[in-house]
>>> print(open('coords-v2.txt').read())   # compact mmCIF, C-alpha atoms and all ligand atoms
# COMPACT_ATOMS: atom_id res chain seq x y z
CA MET Y 1 -56.72 5.46 -5.73
CA ASN Y 2 -56.65 7.18 -9.09
CA ALA Y 3 -60.22 8.27 -9.65
CA ALA Y 4 -59.64 10.14 -12.94
CA PRO Y 5 -61.10 7.37 -15.14
CA ARG Y 6 -64.30 7.48 -13.07
CA LEU Y 7 -64.74 11.18 -13.76
CA GLU Y 8 -64.28 10.46 -17.47
CA ALA Y 9 -66.84 7.65 -17.29
CA LEU Y 10 -69.37 10.02 -15.74
CA ARG Y 11 -68.65 12.65 -18.41
CA LYS Y 12 -69.23 10.06 -21.11
CA ARG Y 13 -72.52 9.16 -19.52
CA LEU Y 14 -73.54 12.84 -19.36
CA ALA Y 15 -72.62 13.32 -23.02
CA GLU Y 16 -74.92 10.43 -23.95
CA ASP Y 17 -77.66 12.14 -21.96
CA GLY Y 18 -77.46 15.45 -23.87
CA GLY Y 19 -74.76 17.04 -21.73
CA PRO Y 20 -76.42 18.13 -18.49
CA ALA Y 21 -74.39 19.16 -15.44
CA ALA Y 22 -74.24 16.46 -12.76
CA LEU Y 23 -74.78 17.44 -9.13
CA VAL Y 24 -73.63 14.50 -7.00
CA THR Y 25 -74.34 14.57 -3.26
CA GLN Y 26 -74.60 10.98 -1.97
CA THR Y 27 -71.63 9.99 0.22
CA SER Y 28 -70.41 6.82 -1.47
CA ASN Y 29 -70.78 8.44 -4.89
CA LEU Y 30 -68.71 11.42 -3.74
CA LEU Y 31 -66.06 9.05 -2.47
CA TYR Y 32 -66.06 7.04 -5.67
CA LEU Y 33 -65.95 10.01 -7.97
CA THR Y 34 -63.18 11.92 -6.20
CA GLY Y 35 -61.18 9.18 -4.47
CA PHE Y 36 -60.80 11.60 -1.50
CA GLU Y 37 -60.56 8.77 1.02
CA ASP Y 38 -59.28 10.68 4.01
CA VAL Y 39 -61.79 13.47 3.57
CA ILE Y 40 -65.24 12.03 3.05
CA ASP Y 41 -67.03 10.57 6.03
CA HIS Y 42 -70.67 9.67 6.40
CA GLY Y 43 -71.52 13.02 7.95
CA ILE Y 44 -69.94 15.14 5.25
CA ASN Y 45 -71.66 18.13 3.77
CA ALA Y 46 -70.35 18.19 0.22
CA ALA Y 47 -71.25 18.11 -3.45
CA CYS Y 48 -69.51 17.40 -6.73
CA VAL Y 49 -70.46 19.38 -9.81
CA VAL Y 50 -69.36 17.84 -13.09
CA THR Y 51 -69.70 18.98 -16.69
CA ASP Y 52 -67.48 18.47 -19.69
CA ASP Y 53 -65.00 21.03 -18.41
CA ILE Y 54 -65.92 21.44 -14.73
CA ALA Y 55 -64.97 19.29 -11.75
CA TRP Y 56 -65.91 21.23 -8.61
CA PHE Y 57 -65.84 19.80 -5.13
CA TYR Y 58 -67.82 21.91 -2.68
CA THR Y 59 -67.59 21.45 1.05
CA ASP Y 60 -67.63 23.50 4.25
CA SER Y 61 -64.88 24.74 6.55
CA ARG Y 62 -64.70 21.49 8.52
CA TYR Y 63 -63.52 19.55 5.50
CA VAL Y 64 -61.96 22.08 3.18
CA GLU Y 65 -58.33 21.81 4.29
CA ALA Y 66 -58.30 18.03 3.96
CA ALA Y 67 -60.09 18.31 0.61
CA MET Y 68 -57.50 20.77 -0.76
CA ALA Y 69 -54.70 18.39 0.20
CA ALA Y 70 -56.49 15.41 -1.36
CA ALA Y 71 -57.30 17.34 -4.54
CA GLU Y 72 -53.73 18.33 -5.32
CA GLY Y 73 -52.82 17.21 -8.80
CA THR Y 74 -56.22 15.63 -9.45
CA GLY Y 75 -57.86 18.44 -11.41
CA TRP Y 76 -60.64 18.84 -8.85
CA ASP Y 77 -61.32 22.47 -7.97
CA VAL Y 78 -62.14 22.60 -4.25
CA ARG Y 79 -64.60 25.35 -3.38
CA LEU Y 80 -65.46 26.50 0.10
CA GLN Y 81 -69.15 26.66 0.84
CA LYS Y 82 -69.80 29.97 2.58
CA GLU Y 83 -73.47 29.96 3.56
CA ASN Y 84 -75.75 27.65 1.63
CA LEU Y 85 -74.23 24.86 -0.41
CA TYR Y 86 -77.01 24.48 -2.96
CA VAL Y 87 -77.62 28.20 -3.41
CA GLU Y 88 -73.93 28.63 -4.20
CA VAL Y 89 -73.79 25.59 -6.50
CA CYS Y 90 -76.82 26.80 -8.46
CA GLU Y 91 -75.49 30.34 -8.80
CA ALA Y 92 -72.09 29.12 -9.98
CA LEU Y 93 -73.64 26.74 -12.50
CA GLN Y 94 -76.04 29.41 -13.70
CA ALA Y 95 -73.05 31.66 -14.39
CA THR Y 96 -71.54 29.03 -16.69
CA GLY Y 97 -74.67 29.00 -18.85
CA ALA Y 98 -75.70 25.50 -17.77
CA THR Y 99 -79.36 24.80 -18.46
CA THR Y 100 -79.91 21.32 -17.02
CA ILE Y 101 -78.87 19.63 -13.79
CA VAL Y 102 -79.12 15.91 -13.13
CA MET Y 103 -79.03 14.49 -9.60
CA GLU Y 104 -78.96 10.94 -8.24
CA SER Y 105 -82.39 9.36 -7.94
CA SER Y 106 -81.51 8.45 -4.34
CA VAL Y 107 -81.25 12.11 -3.35
CA PRO Y 108 -83.55 13.25 -0.51
CA TYR Y 109 -86.69 14.85 -1.91
CA GLY Y 110 -86.22 18.06 0.07
CA ARG Y 111 -82.79 18.58 -1.49
CA PHE Y 112 -84.11 17.89 -4.97
CA LYS Y 113 -86.99 20.32 -4.43
CA PHE Y 114 -84.67 23.02 -3.10
CA VAL Y 115 -82.29 22.74 -6.07
CA SER Y 116 -85.25 22.71 -8.48
CA GLU Y 117 -86.50 25.98 -6.96
CA GLN Y 118 -83.07 27.63 -6.91
CA PHE Y 119 -81.91 26.74 -10.40
CA GLU Y 120 -83.31 28.61 -13.37
CA GLY Y 121 -83.38 25.68 -15.71
CA SER Y 122 -84.40 22.07 -15.61
CA VAL Y 123 -83.48 19.75 -12.76
CA ARG Y 124 -84.12 16.02 -12.97
CA VAL Y 125 -82.96 12.81 -11.38
CA VAL Y 126 -81.21 9.95 -13.15
CA ASP Y 127 -81.31 6.34 -12.04
CA GLN Y 128 -77.91 4.84 -11.30
CA LEU Y 129 -75.99 7.93 -12.30
CA LEU Y 130 -72.81 6.37 -10.88
CA GLU Y 131 -74.06 3.05 -9.49
CA GLU Y 132 -73.99 1.54 -12.97
CA ILE Y 133 -70.33 2.48 -13.39
CA ARG Y 134 -69.51 1.33 -9.85
CA GLN Y 135 -70.63 -2.23 -10.61
CA VAL Y 136 -67.41 -3.21 -12.32
CA LYS Y 137 -64.60 -2.93 -9.82
CA GLU Y 138 -61.04 -1.88 -10.50
CA VAL Y 139 -58.22 -4.19 -9.38
CA GLU Y 140 -57.45 -2.04 -6.36
CA GLU Y 141 -61.09 -1.96 -5.30
CA ILE Y 142 -61.22 -5.76 -5.44
CA GLU Y 143 -58.05 -5.94 -3.36
CA ARG Y 144 -59.65 -3.85 -0.65
CA ILE Y 145 -62.85 -5.88 -0.65
CA ALA Y 146 -60.71 -9.03 -0.43
CA LEU Y 147 -58.88 -7.61 2.59
CA ALA Y 148 -62.20 -6.85 4.26
CA ALA Y 149 -63.42 -10.38 3.46
CA THR Y 150 -60.27 -11.95 4.90
CA LEU Y 151 -60.65 -9.92 8.05
CA ALA Y 152 -64.23 -11.14 8.40
CA ASP Y 153 -63.04 -14.73 7.89
CA ARG Y 154 -60.57 -14.23 10.73
CA ALA Y 155 -63.32 -12.78 12.91
CA PHE Y 156 -65.44 -15.88 12.28
CA ASP Y 157 -62.55 -18.14 13.24
CA HIS Y 158 -62.07 -16.07 16.39
CA LEU Y 159 -65.76 -16.40 17.27
CA LEU Y 160 -65.61 -20.18 17.08
CA GLY Y 161 -63.34 -20.02 20.13
CA TYR Y 162 -65.44 -17.35 21.83
CA ILE Y 163 -68.99 -18.68 21.61
CA VAL Y 164 -70.02 -20.95 24.48
CA PRO Y 165 -73.52 -21.78 25.71
CA GLY Y 166 -74.73 -18.88 27.84
CA LYS Y 167 -73.20 -16.05 25.80
CA THR Y 168 -75.89 -13.72 24.58
CA GLU Y 169 -76.40 -12.68 20.95
CA ALA Y 170 -75.50 -9.10 21.90
CA GLU Y 171 -72.23 -10.22 23.51
CA ILE Y 172 -71.30 -12.25 20.43
CA ALA Y 173 -72.14 -9.31 18.14
CA LEU Y 174 -69.99 -7.01 20.26
CA GLU Y 175 -67.08 -9.47 20.19
CA LEU Y 176 -67.35 -9.64 16.40
CA GLU Y 177 -67.25 -5.88 16.10
CA PHE Y 178 -64.44 -5.56 18.64
CA PHE Y 179 -62.29 -8.14 16.83
CA MET Y 180 -62.80 -6.60 13.40
CA ARG Y 181 -62.22 -3.02 14.52
CA LYS Y 182 -59.16 -4.01 16.55
CA ASN Y 183 -57.73 -5.73 13.47
CA GLY Y 184 -58.24 -3.02 10.90
CA SER Y 185 -61.92 -2.51 10.11
CA VAL Y 186 -62.75 1.18 10.03
CA GLY Y 187 -66.21 1.18 11.56
CA MET Y 188 -68.73 -1.42 10.49
CA PRO Y 189 -70.46 -1.57 7.10
CA PHE Y 190 -73.58 -2.70 8.97
CA GLU Y 191 -74.54 -3.91 12.44
CA PRO Y 192 -73.57 -7.58 12.75
CA ILE Y 193 -76.49 -10.01 12.89
CA VAL Y 194 -76.31 -12.73 15.51
CA ALA Y 195 -79.62 -14.60 15.50
CA SER Y 196 -79.94 -17.76 17.57
CA GLY Y 197 -82.60 -20.45 17.71
CA PRO Y 198 -86.03 -19.12 16.68
CA ASN Y 199 -84.57 -15.62 16.17
CA GLY Y 200 -82.74 -17.07 13.18
CA ALA Y 201 -86.06 -17.22 11.36
CA ARG Y 202 -85.90 -13.42 11.08
CA PRO Y 203 -83.34 -12.77 8.32
CA HIS Y 204 -82.31 -9.38 9.72
CA ALA Y 205 -82.87 -9.99 13.43
CA ILE Y 206 -81.34 -7.51 15.87
CA PRO Y 207 -78.96 -9.20 18.37
CA GLY Y 208 -80.57 -9.29 21.80
CA GLU Y 209 -80.26 -10.67 25.30
CA ARG Y 210 -81.05 -14.26 24.32
CA PRO Y 211 -78.29 -16.61 25.50
CA VAL Y 212 -77.29 -19.24 22.97
CA GLY Y 213 -77.83 -22.79 24.14
CA ASP Y 214 -77.87 -26.47 23.31
CA GLY Y 215 -79.57 -27.34 20.03
CA ASP Y 216 -79.49 -23.80 18.62
CA LEU Y 217 -78.45 -22.81 15.18
CA ILE Y 218 -76.84 -19.35 15.17
CA VAL Y 219 -76.91 -17.18 12.04
CA LEU Y 220 -73.89 -14.86 11.96
CA ASP Y 221 -74.04 -12.20 9.21
CA PHE Y 222 -71.35 -9.53 9.27
CA GLY Y 223 -68.68 -7.69 7.36
CA ALA Y 224 -65.65 -5.46 7.76
CA ARG Y 225 -64.71 -2.18 6.07
CA VAL Y 226 -61.15 -1.75 4.78
CA GLY Y 227 -59.96 1.25 2.75
CA GLY Y 228 -63.59 2.35 2.44
CA TYR Y 229 -64.73 -1.00 0.97
CA CYS Y 230 -67.13 -3.46 2.58
CA SER Y 231 -67.30 -7.20 2.89
CA ASP Y 232 -70.36 -9.28 3.69
CA MET Y 233 -70.56 -12.92 4.79
CA THR Y 234 -72.86 -15.24 6.67
CA ARG Y 235 -72.20 -18.50 8.43
CA THR Y 236 -74.61 -20.60 10.48
CA VAL Y 237 -73.17 -22.67 13.31
CA GLY Y 238 -74.75 -25.17 15.71
CA VAL Y 239 -74.54 -25.45 19.48
CA GLY Y 240 -74.41 -28.89 21.14
CA SER Y 241 -76.86 -31.47 19.90
CA VAL Y 242 -78.40 -30.06 16.73
CA ARG Y 243 -81.54 -31.95 15.66
CA GLU Y 244 -81.89 -33.85 12.41
CA GLU Y 245 -84.49 -31.37 11.13
CA GLU Y 246 -82.09 -28.43 11.41
CA ARG Y 247 -79.26 -30.45 9.86
CA ARG Y 248 -81.44 -31.15 6.84
CA LEU Y 249 -82.16 -27.43 6.46
CA TYR Y 250 -78.45 -26.74 6.70
CA ASP Y 251 -77.50 -29.29 4.05
CA ALA Y 252 -80.14 -27.91 1.67
CA VAL Y 253 -78.93 -24.31 2.08
CA LEU Y 254 -75.32 -25.35 1.61
CA GLU Y 255 -76.23 -27.12 -1.59
CA ALA Y 256 -78.19 -24.04 -2.74
CA ASN Y 257 -75.18 -21.87 -1.96
CA GLU Y 258 -72.91 -24.12 -4.03
CA ALA Y 259 -75.41 -24.23 -6.90
CA GLY Y 260 -75.60 -20.43 -6.92
CA LEU Y 261 -71.81 -20.14 -6.94
CA ALA Y 262 -71.52 -22.66 -9.77
CA ALA Y 263 -73.82 -20.50 -11.90
CA VAL Y 264 -71.73 -17.34 -11.50
CA ARG Y 265 -69.81 -16.16 -14.55
CA ALA Y 266 -69.73 -13.02 -16.68
CA GLY Y 267 -72.68 -12.74 -19.03
CA MET Y 268 -75.01 -14.84 -16.88
CA THR Y 269 -78.26 -13.10 -15.99
CA CYS Y 270 -78.79 -12.44 -12.30
CA PHE Y 271 -82.19 -14.04 -12.67
CA ASP Y 272 -80.58 -17.32 -13.73
CA VAL Y 273 -78.07 -17.28 -10.88
CA ASP Y 274 -80.92 -16.75 -8.44
CA ALA Y 275 -82.92 -19.51 -10.10
CA ALA Y 276 -80.03 -22.01 -9.96
CA SER Y 277 -79.75 -21.58 -6.21
CA ARG Y 278 -83.50 -21.37 -5.57
CA ALA Y 279 -84.17 -24.58 -7.52
CA VAL Y 280 -82.25 -26.63 -4.95
CA LEU Y 281 -84.52 -25.42 -2.16
CA GLU Y 282 -87.66 -25.79 -4.27
CA GLN Y 283 -86.77 -29.40 -5.07
CA ARG Y 284 -86.72 -30.08 -1.34
CA GLY Y 285 -90.03 -28.36 -0.73
CA LEU Y 286 -88.26 -25.47 1.01
CA GLY Y 287 -88.85 -22.86 -1.70
CA ASP Y 288 -91.48 -20.99 0.34
CA LEU Y 289 -89.05 -20.65 3.24
CA PHE Y 290 -86.52 -18.76 1.10
CA THR Y 291 -87.94 -15.28 1.29
CA HIS Y 292 -85.31 -13.02 -0.28
CA GLY Y 293 -83.05 -12.76 -3.31
CA VAL Y 294 -79.86 -14.79 -3.63
CA GLY Y 295 -77.48 -11.88 -3.49
CA HIS Y 296 -76.34 -8.36 -4.24
CA GLY Y 297 -73.32 -6.34 -5.26
CA VAL Y 298 -70.86 -5.13 -2.62
CA GLY Y 299 -68.36 -2.28 -2.79
CA LEU Y 300 -68.29 1.13 -1.14
CA ASP Y 301 -71.81 0.27 0.00
CA VAL Y 302 -72.72 -3.10 1.41
CA HIS Y 303 -75.73 -3.28 -0.87
CA GLU Y 304 -75.19 -2.07 -4.39
CA LEU Y 305 -75.74 -3.22 -7.97
CA PRO Y 306 -76.27 -5.76 -9.31
CA ILE Y 307 -79.27 -7.20 -7.50
CA VAL Y 308 -79.25 -11.00 -7.80
CA GLY Y 309 -82.90 -11.88 -7.36
CA PRO Y 310 -85.93 -13.40 -9.05
CA ARG Y 311 -87.01 -10.05 -10.52
CA SER Y 312 -83.53 -8.82 -11.43
CA LYS Y 313 -82.96 -7.43 -14.92
CA HIS Y 314 -79.18 -7.25 -14.49
CA SER Y 315 -76.52 -9.48 -15.99
CA LEU Y 316 -73.25 -10.27 -14.32
CA ARG Y 317 -70.23 -8.36 -15.57
CA ALA Y 318 -66.63 -9.43 -15.11
CA GLY Y 319 -65.18 -7.54 -12.17
CA ALA Y 320 -68.47 -7.21 -10.30
CA VAL Y 321 -68.34 -8.35 -6.67
CA ILE Y 322 -71.48 -10.11 -5.47
CA THR Y 323 -72.81 -12.23 -2.63
CA ILE Y 324 -74.48 -15.61 -2.93
CA GLU Y 325 -76.61 -16.05 0.18
CA PRO Y 326 -79.56 -18.41 0.07
CA GLY Y 327 -81.36 -19.06 3.34
CA VAL Y 328 -84.36 -20.79 4.84
CA TYR Y 329 -86.41 -19.44 7.72
CA VAL Y 330 -88.74 -21.61 9.77
CA SER Y 331 -90.92 -19.48 12.02
CA GLY Y 332 -90.60 -20.39 15.68
CA LEU Y 333 -87.77 -22.83 15.03
CA ALA Y 334 -84.61 -21.66 13.28
CA GLY Y 335 -82.94 -20.04 10.30
CA VAL Y 336 -80.01 -21.01 8.12
CA ARG Y 337 -78.13 -18.72 5.76
CA ILE Y 338 -74.75 -19.24 4.10
CA GLU Y 339 -73.25 -16.27 2.29
CA ASP Y 340 -70.06 -16.00 0.27
CA LEU Y 341 -68.57 -12.98 -1.42
CA VAL Y 342 -67.15 -13.59 -4.90
CA VAL Y 343 -65.64 -11.72 -7.84
CA VAL Y 344 -67.33 -12.42 -11.16
CA GLU Y 345 -64.83 -13.66 -13.74
CA PRO Y 346 -65.21 -14.44 -17.46
CA GLN Y 347 -65.39 -18.21 -16.87
CA GLY Y 348 -66.65 -18.37 -13.30
CA HIS Y 349 -65.85 -16.70 -10.04
CA ARG Y 350 -63.17 -16.19 -7.43
CA ARG Y 351 -64.23 -16.61 -3.83
CA LEU Y 352 -63.25 -13.87 -1.41
CA THR Y 353 -64.93 -15.55 1.58
CA ASN Y 354 -62.98 -18.61 2.60
CA ALA Y 355 -64.37 -19.56 6.01
CA PRO Y 356 -65.36 -23.24 6.26
CA LYS Y 357 -68.90 -24.16 5.23
CA ASP Y 358 -69.46 -27.55 6.84
CA LEU Y 359 -71.84 -27.34 9.77
CA LEU Y 360 -69.59 -26.49 12.69
CA ILE Y 361 -70.85 -27.48 16.11
CA ILE Y 362 -69.75 -25.55 19.16
MN MN Y 401 -75.49 -9.84 2.18
>>> encode(input="coords-v2.txt", output="structure tokens")
Amino acid sequence: MNAAPRLEALRKRLAEDGGPAALVTQTSNLLYLTGFEDVIDHGINAACVVTDDIAWFYTDSRYVEAAMAAAEGTGWDVRLQKENLYVEVCEALQATGATTIVMESSVPYGRFKFVSEQFEGSVRVVDQLLEEIRQVKEVEEIERIALAATLADRAFDHLLGYIVPGKTEAEIALELEFFMRKNGSVGMPFEPIVASGPNGARPHAIPGERPVGDGDLIVLDFGARVGGYCSDMTRTVGVGSVREEERRLYDAVLEANEAGLAAVRAGMTCFDVDAASRAVLEQRGLGDLFTHGVGHGVGLDVHELPIVGPRSKHSLRAGAVITIEPGVYVSGLAGVRIEDLVVVEPQGHRRLTNAPKDLLII
């Protein structure tokens, strides 16, 4: 992907901030800023240094050859870290006359402290240094997220033929992962959630040895990663004879999901999208059982901006990719969550998750 416009967007942001040098070290930000897809993994030791006229990519000997190849023709100057990355970055920046460094606010404190001690000038953190820019996706980014979403849809369809009473949550989670990785997911954006029966009442339950059985609802929350981009979806299915009480919960959550989706369009506040979905559950007296926000942005990270929740200050922008995922959680009994991934458009949204949403009974 051509990442040059992203570098320019960061430079514009720095100019508005008085022209500090940016020192970027968080993995998904490095990936976004450089577009070095076949170089940057989650274990990489690397940093980008950006000013008006500098674009340095520092990394160590394990990555440098791949980085040089990726950087060809991009304007990035790849620099080999010899001993200590941050000592070398600070010395090089010092030599350019730079007086201020900004880092991501998500940087580990130890790293921030070390850079602050090394650099003879001011070092500060900036909220959403790149995350703000990352909200609005380029066409090619949306294409990749859509591919990841389609792969997850296929995995769900596959599971419908795999799940039978007696399979454990852990087996189902493994089958999900196996299917997605076999069909093109590079790793997993997050550990799949398979939460059956009362375990479903824990929104982020860890799949365990519980076998699924008659009367259970099973919450399946998972995603794939294609071309570096994540997808995220949730479906809740029933096993055998699902009771009336659980069916009512399901119908309410489905209606809340549809109400949330109907509220999505560019310019809408995230608060209002959350409220539109939440109101459905509140009207049914289930508001207290919905214990999280309605959704979040998805991209290189599975959770990114904007946050779609009751305290959110964000507004939806065209080209943002978000989830709509209301749920209800009844302690000791069951959980229901239905999550779709959508692209925000000027007049509405485009769904990237297309798996069926009627209550499917296995
Ligand atoms: Mn999600």
>>> closest_atom_pairs(input="coords-v2.txt", of="chain Y", to="ligand MN 401 (chain Y)", cutoff="10 Å", atoms="all atoms listed in the file", output="JSON lines")
{"residue": "Y:Asp221", "atom": "CA", "partner": "Y:MN401", "partner_atom": "MN", "distance": 7.6}
{"residue": "Y:Phe222", "atom": "CA", "partner": "Y:MN401", "partner_atom": "MN", "distance": 8.2}
{"residue": "Y:Gly223", "atom": "CA", "partner": "Y:MN401", "partner_atom": "MN", "distance": 8.8}
{"residue": "Y:Ser231", "atom": "CA", "partner": "Y:MN401", "partner_atom": "MN", "distance": 8.6}
{"residue": "Y:Asp232", "atom": "CA", "partner": "Y:MN401", "partner_atom": "MN", "distance": 5.4}
{"residue": "Y:Met233", "atom": "CA", "partner": "Y:MN401", "partner_atom": "MN", "distance": 6.4}
{"residue": "Y:Thr234", "atom": "CA", "partner": "Y:MN401", "partner_atom": "MN", "distance": 7.5}
{"residue": "Y:Gly293", "atom": "CA", "partner": "Y:MN401", "partner_atom": "MN", "distance": 9.8}
{"residue": "Y:Val294", "atom": "CA", "partner": "Y:MN401", "partner_atom": "MN", "distance": 8.8}
{"residue": "Y:Gly295", "atom": "CA", "partner": "Y:MN401", "partner_atom": "MN", "distance": 6.3}
{"residue": "Y:His296", "atom": "CA", "partner": "Y:MN401", "partner_atom": "MN", "distance": 6.6}
{"residue": "Y:Gly297", "atom": "CA", "partner": "Y:MN401", "partner_atom": "MN", "distance": 8.5}
{"residue": "Y:Val298", "atom": "CA", "partner": "Y:MN401", "partner_atom": "MN", "distance": 8.2}
{"residue": "Y:Val302", "atom": "CA", "partner": "Y:MN401", "partner_atom": "MN", "distance": 7.3}
{"residue": "Y:His303", "atom": "CA", "partner": "Y:MN401", "partner_atom": "MN", "distance": 7.2}
{"residue": "Y:Ile322", "atom": "CA", "partner": "Y:MN401", "partner_atom": "MN", "distance": 8.6}
{"residue": "Y:Thr323", "atom": "CA", "partner": "Y:MN401", "partner_atom": "MN", "distance": 6.0}
{"residue": "Y:Ile324", "atom": "CA", "partner": "Y:MN401", "partner_atom": "MN", "distance": 7.8}
{"residue": "Y:Glu325", "atom": "CA", "partner": "Y:MN401", "partner_atom": "MN", "distance": 6.6}
{"residue": "Y:Pro326", "atom": "CA", "partner": "Y:MN401", "partner_atom": "MN", "distance": 9.7}
{"residue": "Y:Arg337", "atom": "CA", "partner": "Y:MN401", "partner_atom": "MN", "distance": 9.9}
{"residue": "Y:Ile338", "atom": "CA", "partner": "Y:MN401", "partner_atom": "MN", "distance": 9.6}
{"residue": "Y:Glu339", "atom": "CA", "partner": "Y:MN401", "partner_atom": "MN", "distance": 6.8}
{"residue": "Y:Asp340", "atom": "CA", "partner": "Y:MN401", "partner_atom": "MN", "distance": 8.4}
{"residue": "Y:Leu341", "atom": "CA", "partner": "Y:MN401", "partner_atom": "MN", "distance": 8.4}
>>> atom_distance(input="coords-v2.txt", atom1="CA of Thr353 in chain Y", atom2="CA of Ala149 in chain Y")
5.7 Å
>>> residues_around(input="coords-v2.txt", residues="range 241-252 of chain Y", least_positions_apart="6", cutoff="12 Å", atoms="all atoms listed in the file", output="tab-separated table (two decimals) with C-alpha atoms, in the coordinates of the input")
chain	number	residue	atom	x	y	z
Y	165	PRO	CA	-73.52	-21.78	25.71
Y	197	GLY	CA	-82.60	-20.45	17.71
Y	198	PRO	CA	-86.03	-19.12	16.68
Y	200	GLY	CA	-82.74	-17.07	13.18
Y	201	ALA	CA	-86.06	-17.22	11.36
Y	213	GLY	CA	-77.83	-22.79	24.14
Y	214	ASP	CA	-77.87	-26.47	23.31
Y	215	GLY	CA	-79.57	-27.34	20.03
Y	216	ASP	CA	-79.49	-23.80	18.62
Y	217	LEU	CA	-78.45	-22.81	15.18
Y	218	ILE	CA	-76.84	-19.35	15.17
Y	219	VAL	CA	-76.91	-17.18	12.04
Y	235	ARG	CA	-72.20	-18.50	8.43
Y	258	GLU	CA	-72.91	-24.12	-4.03
Y	259	ALA	CA	-75.41	-24.23	-6.90
Y	277	SER	CA	-79.75	-21.58	-6.21
Y	278	ARG	CA	-83.50	-21.37	-5.57
Y	279	ALA	CA	-84.17	-24.58	-7.52
Y	280	VAL	CA	-82.25	-26.63	-4.95
Y	281	LEU	CA	-84.52	-25.42	-2.16
Y	282	GLU	CA	-87.66	-25.79	-4.27
Y	283	GLN	CA	-86.77	-29.40	-5.07
Y	284	ARG	CA	-86.72	-30.08	-1.34
Y	285	GLY	CA	-90.03	-28.36	-0.73
Y	286	LEU	CA	-88.26	-25.47	1.01
Y	287	GLY	CA	-88.85	-22.86	-1.70
Y	289	LEU	CA	-89.05	-20.65	3.24
Y	290	PHE	CA	-86.52	-18.76	1.10
Y	326	PRO	CA	-79.56	-18.41	0.07
Y	327	GLY	CA	-81.36	-19.06	3.34
Y	328	VAL	CA	-84.36	-20.79	4.84
Y	329	TYR	CA	-86.41	-19.44	7.72
Y	330	VAL	CA	-88.74	-21.61	9.77
Y	333	LEU	CA	-87.77	-22.83	15.03
Y	334	ALA	CA	-84.61	-21.66	13.28
Y	335	GLY	CA	-82.94	-20.04	10.30
Y	336	VAL	CA	-80.01	-21.01	8.12
Y	337	ARG	CA	-78.13	-18.72	5.76
Y	338	ILE	CA	-74.75	-19.24	4.10
Y	357	LYS	CA	-68.90	-24.16	5.23
Y	358	ASP	CA	-69.46	-27.55	6.84
Y	359	LEU	CA	-71.84	-27.34	9.77
Y	360	LEU	CA	-69.59	-26.49	12.69
Y	361	ILE	CA	-70.85	-27.48	16.11
Y	362	ILE	CA	-69.75	-25.55	19.16
>>> closest_residue(input="coords-v2.txt", among="Y:Val264, Y:Ala320, Y:Val136, Y:Leu93", to="Gly348 in chain Y", atoms="only C-alpha atoms")
Y:Val264
>>> residues_around(input="coords-v2.txt", residues="Phe119 in chain Y", least_positions_apart="3", cutoff="6 Å", atoms="only C-alpha atoms", output="list in words")
Cys90, Val115 and Ser116 of chain Y
>>> closest_residue(input="coords-v2.txt", among="Y:Thr291, Y:Gln128, Y:Thr168, Y:Gln118", to="Arg202 in chain Y", atoms="only C-alpha atoms")
Y:Thr291
>>> atom_distance(input="coords-v2.txt", atom1="CA of Arg265 in chain Y", atom2="CA of Arg6 in chain Y")
24.3 Å
>>> atom_distance(input="coords-v2.txt", atom1="CA of Cys270 in chain Y", atom2="CA of Ile307 in chain Y")
7.1 Å
>>> closest_residue(input="coords-v2.txt", among="Y:His349, Y:Arg311, Y:His204, Y:Arg79", to="Glu191 in chain Y", atoms="all atoms listed in the file")
Y:His204
>>> axis_aligned_box(input="coords-v2.txt", around="range 335-350 of chain Y", padding_each_side="5 Å", output="AutoDock Vina command-line options")
--center_x -73.1 --center_y -16.4 --center_z -3.6 --size_x 29.8 --size_y 19.3 --size_z 37.8
>>> closest_residue(input="coords-v2.txt", among="Y:His314, Y:Leu33, Y:Leu300, Y:Val237", to="Met268 in chain Y", atoms="all atoms listed in the file")
Y:His314
>>> closest_residue(input="coords-v2.txt", among="Y:Glu132, Y:Glu83, Y:Glu140, Y:Glu120", to="Ala95 in chain Y", atoms="all atoms listed in the file")
Y:Glu120
>>> residues_near_point(input="coords-v2.txt", point="(-59.2, -2.6, -2.8)", cutoff="12 Å", atoms="all atoms listed in the file", output="list of chain:residue names")
Y:Met1, Y:Asn2, Y:Lys137, Y:Glu138, Y:Val139, Y:Glu140, Y:Glu141, Y:Ile142, Y:Glu143, Y:Arg144, Y:Ile145, Y:Ala146, Y:Leu147, Y:Ala148, Y:Ala149, Y:Arg225, Y:Val226, Y:Gly227, Y:Gly228, Y:Tyr229, Y:Cys230, Y:Ser231, Y:Val298, Y:Gly299, Y:Leu300, Y:Val321
>>> closest_atom_pairs(input="coords-v2.txt", of="range 79-157 of chain Y", to="range 53-58 of chain Y", cutoff="9 Å", atoms="all atoms listed in the file", output="Markdown table")
| residue | atom | partner | partner_atom | distance |
| --- | --- | --- | --- | --- |
| Y:Arg79 | CA | Y:Tyr58 | CA | 4.8 |
| Y:Leu80 | CA | Y:Tyr58 | CA | 5.9 |
| Y:Gln81 | CA | Y:Tyr58 | CA | 6.1 |
| Y:Leu85 | CA | Y:Tyr58 | CA | 7.4 |
| Y:Val89 | CA | Y:Tyr58 | CA | 8.0 |
>>> residues_around(input="coords-v2.txt", residues="range 8-10 of chain Y", least_positions_apart="6", cutoff="8 Å", atoms="all atoms listed in the file", output="PDB file with C-alpha atoms, in the frame of the given file")
ATOM      1  CA  LEU Y 129     -75.990   7.930 -12.300  1.00  0.00           C
ATOM      2  CA  LEU Y 130     -72.810   6.370 -10.880  1.00  0.00           C
ATOM      3  CA  ILE Y 133     -70.330   2.480 -13.390  1.00  0.00           C
TER       4      ILE Y 133
END
